[in-house]
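S.K.: Sharing entry-v1.txt (compact mmCIF, C-alpha atoms) below.
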```txt
# COMPACT_ATOMS: atom_id res chain seq x y z
CA MET A 193 -17.28 -15.40 -17.63
CA LEU A 194 -13.82 -13.89 -18.02
CA ASN A 195 -13.78 -10.87 -20.30
CA ALA A 196 -10.63 -9.50 -21.94
CA ALA A 197 -10.90 -5.85 -22.92
CA ALA A 198 -8.50 -6.23 -25.86
CA ALA A 199 -10.56 -9.09 -27.29
CA GLU A 200 -13.69 -6.95 -27.06
CA ARG A 201 -11.94 -4.17 -28.98
CA ASN A 202 -10.44 -6.24 -31.77
CA LYS A 203 -13.01 -8.98 -32.33
CA GLU A 204 -15.12 -6.95 -34.76
CA PRO A 205 -12.18 -5.68 -36.90
CA ILE A 206 -10.86 -9.25 -37.16
CA LEU A 207 -14.33 -10.52 -38.07
CA SER A 208 -14.43 -7.96 -40.87
CA VAL A 209 -11.21 -9.42 -42.29
CA LEU A 210 -12.61 -12.93 -42.01
CA ARG A 211 -15.75 -11.95 -43.89
CA ASP A 212 -13.61 -10.69 -46.75
CA CYS A 213 -11.32 -13.70 -47.02
CA VAL A 214 -13.42 -16.81 -46.34
CA ASN A 215 -16.50 -18.29 -47.97
CA THR A 216 -19.53 -17.33 -45.88
CA VAL A 217 -21.91 -19.91 -47.39
CA ARG A 218 -20.12 -23.23 -47.93
CA PRO A 219 -19.58 -25.42 -44.81
CA LEU A 220 -16.04 -24.91 -43.51
CA GLN A 221 -13.86 -26.27 -40.71
CA ALA A 222 -11.76 -23.89 -38.59
CA LEU A 223 -9.25 -24.29 -35.78
CA GLU A 224 -8.39 -21.42 -33.45
CA ILE A 225 -5.03 -21.87 -31.74
CA SER A 226 -4.66 -20.06 -28.41
CA SER A 227 -8.31 -19.23 -27.88
CA GLY A 228 -7.82 -17.57 -24.49
CA THR A 229 -11.17 -16.64 -22.95
CA GLY A 230 -13.10 -17.82 -26.01
CA GLN A 231 -14.50 -14.36 -26.78
CA HIS A 232 -13.16 -14.33 -30.34
CA VAL A 233 -14.41 -17.74 -31.42
CA VAL A 234 -17.86 -17.11 -29.95
CA HIS A 235 -18.13 -13.74 -31.70
CA PHE A 236 -17.02 -15.17 -35.02
CA ALA A 237 -19.27 -18.21 -34.72
CA GLN A 238 -22.37 -16.08 -34.16
CA THR A 239 -21.88 -14.41 -37.55
CA LEU A 240 -20.10 -17.08 -39.60
CA ARG A 241 -22.58 -19.86 -38.96
CA ASN A 242 -21.34 -21.90 -41.91
CA ILE A 243 -18.03 -22.49 -40.12
CA THR A 244 -17.58 -25.19 -37.50
CA TRP A 245 -15.10 -23.80 -34.99
CA GLN A 246 -12.61 -25.80 -32.91
CA PRO A 247 -11.18 -23.64 -30.09
CA SER A 248 -7.99 -24.76 -28.36
CA GLU A 249 -5.77 -23.70 -25.49
CA TYR A 250 -2.61 -24.74 -23.70
CA ASP A 251 -3.08 -25.48 -19.99
CA ARG A 252 0.01 -24.24 -18.20
CA GLN A 253 0.73 -26.41 -15.17
CA SER A 254 3.63 -24.55 -13.59
CA LEU A 255 4.80 -20.94 -13.52
CA ALA A 256 8.37 -22.17 -13.36
CA SER A 257 8.23 -24.21 -16.57
CA PHE A 258 8.65 -22.75 -20.04
CA THR A 259 9.68 -25.97 -21.73
CA SER A 260 6.31 -26.26 -23.47
CA CYS A 261 4.36 -23.64 -25.37
CA TYR A 262 2.83 -21.19 -22.89
CA VAL A 263 0.76 -18.51 -24.54
CA ILE A 264 -0.50 -15.42 -22.74
CA PRO A 265 -3.00 -13.06 -24.35
CA SER A 266 -1.29 -9.68 -24.76
CA SER A 267 -4.08 -8.01 -22.83
CA LYS A 268 -3.11 -9.74 -19.60
CA ILE A 269 -0.08 -11.37 -17.97
CA TYR A 270 -1.11 -13.95 -15.41
CA HIS A 271 0.63 -14.38 -12.08
CA HIS A 272 -1.28 -17.38 -10.75
CA PRO A 273 -1.15 -20.90 -12.22
CA SER A 274 -4.85 -21.60 -11.69
CA LEU A 275 -5.96 -18.75 -13.98
CA ARG A 276 -4.63 -20.24 -17.18
CA LYS A 277 -6.11 -23.60 -16.32
CA ALA A 278 -9.46 -21.88 -15.82
CA GLU A 279 -9.50 -20.49 -19.36
CA ALA A 280 -10.81 -23.73 -20.84
CA GLN A 281 -13.69 -23.49 -18.35
CA PHE A 282 -14.38 -19.91 -19.40
CA GLN A 283 -14.35 -20.97 -23.07
CA GLU A 284 -16.96 -23.60 -22.24
CA ALA A 285 -18.97 -21.00 -20.32
CA TYR A 286 -19.11 -18.75 -23.38
CA ARG A 287 -20.02 -21.66 -25.62
CA ALA A 288 -22.80 -22.82 -23.31
CA HIS A 289 -24.10 -19.30 -22.67
CA TYR A 290 -24.56 -18.52 -26.35
CA GLN A 291 -25.71 -22.07 -27.22
CA LEU A 292 -23.58 -22.20 -30.33
CA HIS A 293 -23.86 -25.54 -32.07
CA ASN A 294 -21.06 -24.64 -34.49
CA VAL A 295 -18.46 -24.34 -31.72
CA LYS A 296 -16.88 -27.55 -30.49
CA PRO A 297 -15.61 -28.03 -26.92
CA ALA A 298 -12.12 -26.62 -26.47
CA ILE A 299 -9.20 -29.03 -26.79
CA HIS A 300 -5.74 -28.96 -25.27
CA LEU A 301 -3.18 -27.90 -27.86
CA ASP A 302 0.52 -27.15 -27.49
CA ALA A 303 1.52 -25.39 -30.71
CA SER A 304 5.16 -26.33 -30.24
CA GLN A 305 4.30 -30.02 -30.54
CA PRO A 306 3.80 -31.98 -33.80
CA HIS A 307 0.33 -31.90 -35.33
CA GLN A 308 -0.22 -35.53 -34.31
CA TYR A 309 -0.75 -34.18 -30.78
CA TRP A 310 -3.29 -31.55 -31.82
CA GLY A 311 -6.41 -33.32 -30.64
CA GLY A 312 -6.63 -35.81 -33.47
CA ILE A 313 -7.26 -33.25 -36.24
CA GLN A 314 -6.58 -34.96 -39.56
CA PRO A 315 -4.25 -33.68 -42.30
CA GLU A 316 -5.86 -31.48 -44.94
CA SER A 317 -9.15 -31.33 -43.01
CA LEU A 318 -9.20 -27.60 -42.20
CA ASP A 319 -10.22 -24.61 -44.28
CA LEU A 320 -9.01 -22.03 -41.75
CA VAL A 321 -6.49 -21.80 -38.93
CA LEU A 322 -6.79 -18.70 -36.77
CA ASN A 323 -4.18 -17.42 -34.33
CA ILE A 324 -4.67 -14.16 -32.43
CA ASN A 325 -2.04 -12.48 -30.26
CA MET A 326 0.17 -15.51 -29.73
CA ILE A 327 3.29 -15.13 -31.86
CA HIS A 328 4.81 -12.18 -30.00
CA ILE A 329 4.21 -13.60 -26.55
CA SER A 330 5.26 -17.23 -26.82
CA PRO A 331 8.50 -19.12 -27.56
CA LEU A 332 9.74 -19.32 -31.14
CA SER A 333 9.02 -23.05 -31.09
CA CYS A 334 5.31 -22.20 -30.94
CA THR A 335 5.53 -19.97 -34.01
CA GLU A 336 7.42 -22.63 -35.93
CA GLY A 337 4.96 -25.27 -34.77
CA LEU A 338 2.02 -23.09 -35.77
CA PHE A 339 3.19 -22.84 -39.38
CA ARG A 340 4.31 -26.46 -39.51
CA GLY A 341 0.97 -27.70 -38.21
CA ALA A 342 -1.05 -25.37 -40.43
CA GLY A 343 0.92 -26.54 -43.44
CA VAL A 344 -0.17 -30.11 -42.76
CA LEU A 345 -3.73 -29.65 -41.50
CA LEU A 346 -4.99 -27.07 -43.98
CA LYS A 347 -6.59 -28.17 -47.21
CA PRO A 348 -4.97 -26.89 -50.42
CA GLN A 349 -5.92 -23.19 -50.69
CA GLY A 350 -6.74 -23.18 -46.97
CA LEU A 351 -5.98 -20.04 -44.97
CA LEU A 352 -3.85 -19.31 -41.91
CA LEU A 353 -4.74 -15.94 -40.39
CA THR A 354 -2.54 -14.46 -37.68
CA TYR A 355 -3.18 -11.23 -35.81
CA GLY A 356 -0.95 -9.08 -33.64
CA PRO A 357 1.88 -6.54 -33.70
CA TYR A 358 4.82 -7.22 -36.01
CA ALA A 359 8.12 -5.76 -37.15
CA VAL A 360 8.33 -4.77 -40.82
CA ASN A 361 11.66 -5.03 -42.64
CA GLY A 362 13.54 -4.97 -39.36
CA GLN A 363 11.71 -1.91 -38.06
CA ILE A 364 9.16 -1.65 -35.25
CA THR A 365 6.77 1.28 -35.26
CA PRO A 366 5.35 3.28 -33.58
CA GLN A 367 7.17 3.92 -30.30
CA SER A 368 4.42 2.20 -28.32
CA ASN A 369 5.21 -1.05 -30.15
CA VAL A 370 8.94 -0.52 -29.56
CA ASP A 371 8.24 -0.15 -25.85
CA PHE A 372 5.94 -3.18 -25.90
CA ASP A 373 8.59 -5.31 -27.61
CA TYR A 374 11.17 -4.24 -25.02
CA SER A 375 8.86 -5.07 -22.12
CA LEU A 376 8.15 -8.52 -23.55
CA ARG A 377 11.82 -9.32 -24.01
CA GLN A 378 12.52 -8.18 -20.46
CA ARG A 379 9.97 -10.71 -19.22
CA ASN A 380 11.26 -13.49 -21.44
CA PRO A 381 14.01 -13.30 -24.10
CA GLU A 382 12.02 -15.74 -26.26
CA TRP A 383 9.14 -13.27 -26.56
CA GLY A 384 8.93 -10.17 -28.72
CA LEU A 385 7.58 -8.88 -32.02
CA LYS A 386 8.52 -11.07 -34.99
CA ASP A 387 9.39 -9.65 -38.39
CA ILE A 388 6.90 -10.32 -41.16
CA SER A 389 9.70 -11.30 -43.55
CA PHE A 390 10.87 -13.93 -41.05
CA LEU A 391 7.34 -15.29 -40.67
CA ASN A 392 6.99 -15.43 -44.44
CA SER A 393 10.17 -17.48 -44.69
CA VAL A 394 8.87 -19.90 -42.06
CA ALA A 395 5.56 -20.10 -43.92
CA GLN A 396 7.22 -20.88 -47.25
CA LYS A 397 9.11 -23.77 -45.69
CA ASN A 398 5.74 -25.26 -44.82
CA GLY A 399 3.95 -24.78 -48.14
CA LEU A 400 2.29 -21.47 -47.26
CA PHE A 401 2.68 -18.06 -48.88
CA LEU A 402 1.88 -14.60 -47.58
CA GLU A 403 -1.13 -13.54 -49.61
CA LYS A 404 -2.13 -10.31 -47.90
CA ILE A 405 -1.28 -7.93 -45.06
CA VAL A 406 -4.16 -5.98 -43.54
CA ASP A 407 -3.49 -2.97 -41.31
CA MET A 408 -5.62 -3.09 -38.16
CA PRO A 409 -6.44 -0.69 -35.32
CA ALA A 410 -3.97 -0.09 -32.48
CA ASN A 411 -0.90 -0.72 -34.68
CA ASN A 412 -1.69 -4.38 -35.28
CA LYS A 413 -1.93 -6.35 -38.52
CA CYS A 414 -3.65 -9.40 -39.91
CA LEU A 415 -1.38 -11.66 -41.95
CA LEU A 416 -3.10 -13.99 -44.41
CA PHE A 417 -1.11 -17.05 -45.42
CA ARG A 418 -2.53 -19.31 -48.13
CA LYS A 419 -1.64 -22.97 -48.51
CA GLU A 420 -0.36 -23.70 -51.99
CA SER A 421 -2.44 -25.92 -54.23
CA LEU A 422 -1.18 -29.29 -55.34
CA VAL A 423 -0.09 -29.22 -59.00
```
What's the structure tokens form of this structure?
M.R.:
Amino acid sequence: MLNAAAAERNKEPILSVLRDCVNTVRPLQALEISSGTGQHVVHFAQTLRNITWQPSEYDRQSLASFTSCYVIPSSKIYHHPSLRKAEAQFQEAYRAHYQLHNVKPAIHLDASQPHQYWGGIQPESLDLVLNINMIHISPLSCTEGLFRGAGVLLKPQGLLLTYGPYAVNGQITPQSNVDFDYSLRQRNPEWGLKDISFLNSVAQKNGLFLEKIVDMPANNKCLLFRKESLV
């Protein structure tokens, strides 16, 4: 099974945030967008047994094509087209190895596409949408699609949790994040750290509001966006 070092480091801090912000008793439905190796969803599912988890991933078919949403975990940049395709197999390997009945088989999901193409998930059927280390290393269309889809698929008061490095009020700190942002933009001008205020504006357009910002290890943050209730 493929093992990402960054996922091993951050899975427990992210789980701690999840414990604090979601109901740990009532049955819930969750979608993880850009599941990568599947390490996160398996770790979360072992503790949060009341949540049924739907992992998802985009299967990149060509290194030359960036017309669709291609998401690369920040811990690794792939240089061979077969590796990304193999990630769905690794997700299934984790799921089978741990025999988790609350983790569904991974589905193909292109976050830049309308929610109607997100594996048949119905509007207002999800309690949680989780997105780890995607926003800064994918085209803007994926970020916009993430918020647009979450705004439709989440139940009222449902939660969108994103994790990664971000700019704050136009500033990127510390220097390691500045250097990281520069390296991403050198690889692809569509990549790079997004400002939290910009993400909040995108969220608000889709019926979500930024409820909480949680500082995380290694200069990352968790952003918690809540779907507004119907009046």
S.K.: I need every residue sitting at most 9 Å from the point (4.2, -18.0, -30.9) (coordinates as in the file, all atoms listed in the file considered), written as a PyMOL selection string.
M.R.: chain A and resi 261-263+303-304+325-338+383
S.K.: Using all atoms listed in the file, which residue out of A:Phe390, A:Phe372, A:Phe417, A:Trp245 lies closest to Gly343 in chain A?
M.R.: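 Looking at the shortest contact to Gly343 in chain A, the residue is A:Phe417.
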S.K.: Figure out the distance between CA of Ala342 in chain A and CA of Thr216 in chain A, please, to one decimal in Å.
M.R.: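 Atom-to-atom, CA of Thr216 in chain A and CA of Ala342 in chain A are spaced 20.9 Å apart.
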S.K.: Please check which residues have atoms at most 8 Å from (-2.7, -20.6, -40.0) in the file's coordinates, counting all atoms listed in the file, and write them as a PDB file with C-alpha atoms, in the frame of the given file.
M.R.:
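New file out_9.pdb:
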```pdb
ATOM      1  CA  LEU A 320      -9.010 -22.030 -41.750  1.00  0.00           C
ATOM      2  CA  VAL A 321      -6.490 -21.800 -38.930  1.00  0.00           C
ATOM      3  CA  LEU A 322      -6.790 -18.700 -36.770  1.00  0.00           C
ATOM      4  CA  ASN A 323      -4.180 -17.420 -34.330  1.00  0.00           C
ATOM      5  CA  LEU A 338       2.020 -23.090 -35.770  1.00  0.00           C
ATOM      6  CA  PHE A 339       3.190 -22.840 -39.380  1.00  0.00           C
ATOM      7  CA  ALA A 342      -1.050 -25.370 -40.430  1.00  0.00           C
ATOM      8  CA  GLY A 343       0.920 -26.540 -43.440  1.00  0.00           C
ATOM      9  CA  LEU A 346      -4.990 -27.070 -43.980  1.00  0.00           C
ATOM     10  CA  LEU A 351      -5.980 -20.040 -44.970  1.00  0.00           C
ATOM     11  CA  LEU A 352      -3.850 -19.310 -41.910  1.00  0.00           C
ATOM     12  CA  LEU A 353      -4.740 -15.940 -40.390  1.00  0.00           C
ATOM     13  CA  THR A 354      -2.540 -14.460 -37.680  1.00  0.00           C
ATOM     14  CA  LEU A 416      -3.100 -13.990 -44.410  1.00  0.00           C
ATOM     15  CA  PHE A 417      -1.110 -17.050 -45.420  1.00  0.00           C
TER      16      PHE A 417
END
```
S.K.: What is the CA of Gln308 in chain A to CA of Gly356 in chain A distance in Å?
M.R.: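 Those two atoms sit 26.5 Å apart.
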S.K.: For each of A:Val214, A:Val295, A:Ala395, A:Ile313, take the minimum atom-to-atom distance to Gln238 in chain A, counting all atoms listed in the file, then give the residue where this is smallest.
M.R.: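 Residue with the minimum atom-to-atom distance to Gln238 in chain A: A:Val295.
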S.K.: So, with only C-alpha atoms as the atoms that count, which of A:His307, A:His300, A:Lys419, A:Lys347 lies closest to Glu249 in chain A?
M.R.: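 Of A:His307, A:His300, A:Lys419, A:Lys347, the one nearest Glu249 in chain A, counting only C-alpha atoms, is A:His300.
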S.K.: Of the residues A:Ile405, A:Leu223, A:Leu391, A:Val360, which is the one nearest to Gly311 in chain A, using only C-alpha atoms?
M.R.: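 Of the candidates, the smallest distance to Gly311 in chain A is held by A:Leu223.
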